[in-house]
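Report on the following structure.
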Amino acid sequence: DYNAWAVTGQYKFGNNAINAAYVDSNYNSKDDTRGAEKDGWGIGLEHNFSKRSKIYAAYASATVEPDNGSDDDNDVFSLGMIHNF
């Protein structure tokens with residue numbers, strides 16, 4: 001059994017955009033040691049140089065809480081450029 005929900009949004013201003021997201025999920029298995037609750041959020045900023053090129057920076061954080069009692073936190077930061085040929 002898997003349930004999840006998310007809230008996302010984007011605000012554009014000029015050639016820029018701010019993106020934000022929050023996700024919450026719950027996985028229950030027949031074997032109680034394999035289920036987990038997960039939640040995470042992320043925020044990003046992008047700047048369009050043209051219709052084909054943009055740069056971005058993003059940060060995301062997630063927490064996984066397995067049914068066996070341990071915790072796992074994950075943080076990711078990324079920078080990049082996208083050019084469509």
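So you can find residues: chains in the structure tokens are A, B, ... in the order shown, residues in each start at 1, and ligands are numbered from 1 in order.
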Strand (DSSP E) residues, from DSSP on the backbone, in chain A, as a ChimeraX atom specification | /A:2-13,16-27,36-48,53-66,72-83
Who sits within 6 Å of Tyr59 of chain A, only C-alpha atoms, same chain under 3 positions skipped, as a ChimeraX atom specification = /A:42-43,76-77
Rounded to one decimal in Å, what is the spacing between atom CA of Asn84 of chain A and atom CA of Arg52 of chain A?
-> 5.1 Å
If we count only C-alpha atoms and set the cut-off at 10 Å, which residues sit around Gly80 of chain A, ignoring sequence neighbours fewer than 6 positions away in its own chain? Please answer as a PDB file with all heavy atoms, in the first residue's frame.
```
ATOM      1  N   GLU A  46      15.846  29.480 -11.368  1.00  0.00           N
ATOM      2  CA  GLU A  46      16.373  29.361 -12.725  1.00  0.00           C
ATOM      3  C   GLU A  46      16.331  30.714 -13.422  1.00  0.00           C
ATOM      4  O   GLU A  46      15.482  31.554 -13.124  1.00  0.00           O
ATOM      5  CB  GLU A  46      15.617  28.315 -13.527  1.00  0.00           C
ATOM      6  CG  GLU A  46      14.134  28.538 -13.630  1.00  0.00           C
ATOM      7  CD  GLU A  46      13.422  27.369 -14.282  1.00  0.00           C
ATOM      8  OE1 GLU A  46      13.524  26.250 -13.759  1.00  0.00           O
ATOM      9  OE2 GLU A  46      12.777  27.603 -15.314  1.00  0.00           O
ATOM     10  N   LYS A  54      19.360  28.084 -20.259  1.00  0.00           N
ATOM     11  CA  LYS A  54      19.092  28.577 -18.913  1.00  0.00           C
ATOM     12  C   LYS A  54      20.076  27.965 -17.926  1.00  0.00           C
ATOM     13  O   LYS A  54      20.669  26.914 -18.189  1.00  0.00           O
ATOM     14  CB  LYS A  54      17.665  28.294 -18.486  1.00  0.00           C
ATOM     15  CG  LYS A  54      17.335  26.841 -18.247  1.00  0.00           C
ATOM     16  CD  LYS A  54      15.881  26.726 -17.794  1.00  0.00           C
ATOM     17  CE  LYS A  54      15.411  25.298 -17.807  1.00  0.00           C
ATOM     18  NZ  LYS A  54      13.993  25.209 -17.426  1.00  0.00           N
ATOM     19  N   ILE A  55      20.247  28.646 -16.801  1.00  0.00           N
ATOM     20  CA  ILE A  55      21.040  28.120 -15.692  1.00  0.00           C
ATOM     21  C   ILE A  55      20.096  27.918 -14.507  1.00  0.00           C
ATOM     22  O   ILE A  55      19.031  28.534 -14.442  1.00  0.00           O
ATOM     23  CB  ILE A  55      22.214  29.044 -15.312  1.00  0.00           C
ATOM     24  CG1 ILE A  55      21.717  30.424 -14.904  1.00  0.00           C
ATOM     25  CG2 ILE A  55      23.227  29.121 -16.427  1.00  0.00           C
ATOM     26  CD1 ILE A  55      22.787  31.317 -14.308  1.00  0.00           C
ATOM     27  N   TYR A  56      20.512  27.039 -13.588  1.00  0.00           N
ATOM     28  CA  TYR A  56      19.670  26.794 -12.433  1.00  0.00           C
ATOM     29  C   TYR A  56      20.511  26.435 -11.211  1.00  0.00           C
ATOM     30  O   TYR A  56      21.653  25.985 -11.324  1.00  0.00           O
ATOM     31  CB  TYR A  56      18.665  25.664 -12.709  1.00  0.00           C
ATOM     32  CG  TYR A  56      19.308  24.325 -12.942  1.00  0.00           C
ATOM     33  CD1 TYR A  56      19.580  23.463 -11.883  1.00  0.00           C
ATOM     34  CD2 TYR A  56      19.669  23.916 -14.214  1.00  0.00           C
ATOM     35  CE1 TYR A  56      20.188  22.238 -12.091  1.00  0.00           C
ATOM     36  CE2 TYR A  56      20.273  22.691 -14.434  1.00  0.00           C
ATOM     37  CZ  TYR A  56      20.518  21.861 -13.366  1.00  0.00           C
ATOM     38  OH  TYR A  56      21.123  20.656 -13.572  1.00  0.00           O
ATOM     39  N   ALA A  57      19.921  26.663 -10.048  1.00  0.00           N
ATOM     40  CA  ALA A  57      20.470  26.210  -8.773  1.00  0.00           C
ATOM     41  C   ALA A  57      19.300  25.626  -7.992  1.00  0.00           C
ATOM     42  O   ALA A  57      18.198  26.185  -8.007  1.00  0.00           O
ATOM     43  CB  ALA A  57      21.101  27.364  -8.007  1.00  0.00           C
ATOM     44  N   ALA A  58      19.526  24.501  -7.327  1.00  0.00           N
ATOM     45  CA  ALA A  58      18.444  23.843  -6.594  1.00  0.00           C
ATOM     46  C   ALA A  58      18.982  23.189  -5.327  1.00  0.00           C
ATOM     47  O   ALA A  58      20.138  22.755  -5.271  1.00  0.00           O
ATOM     48  CB  ALA A  58      17.772  22.799  -7.469  1.00  0.00           C
TER      49      ALA A  58
END
```
What separates atom CA of Asp1 of chain A and atom CA of Asp73 of chain A is a distance of 22.9 Å
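Of the listed residues A:Tyr22, A:Trp5, A:Tyr27, A:Trp41, the one whose atoms come nearest to Glu65 of chain A is A:Tyr27, with distances taken using only C-alpha atoms.
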Determine the nearest neighbour of Asn3 of chain A from the options A:Leu45, A:Leu79, A:Val23, A:Val64, counting only C-alpha atoms.
-> A:Val23
Counting only C-alpha atoms, closest pick from A:Ser61, A:Ser29, A:Ser53, A:Asn48 relative to Gly14 of chain A is A:Asn48
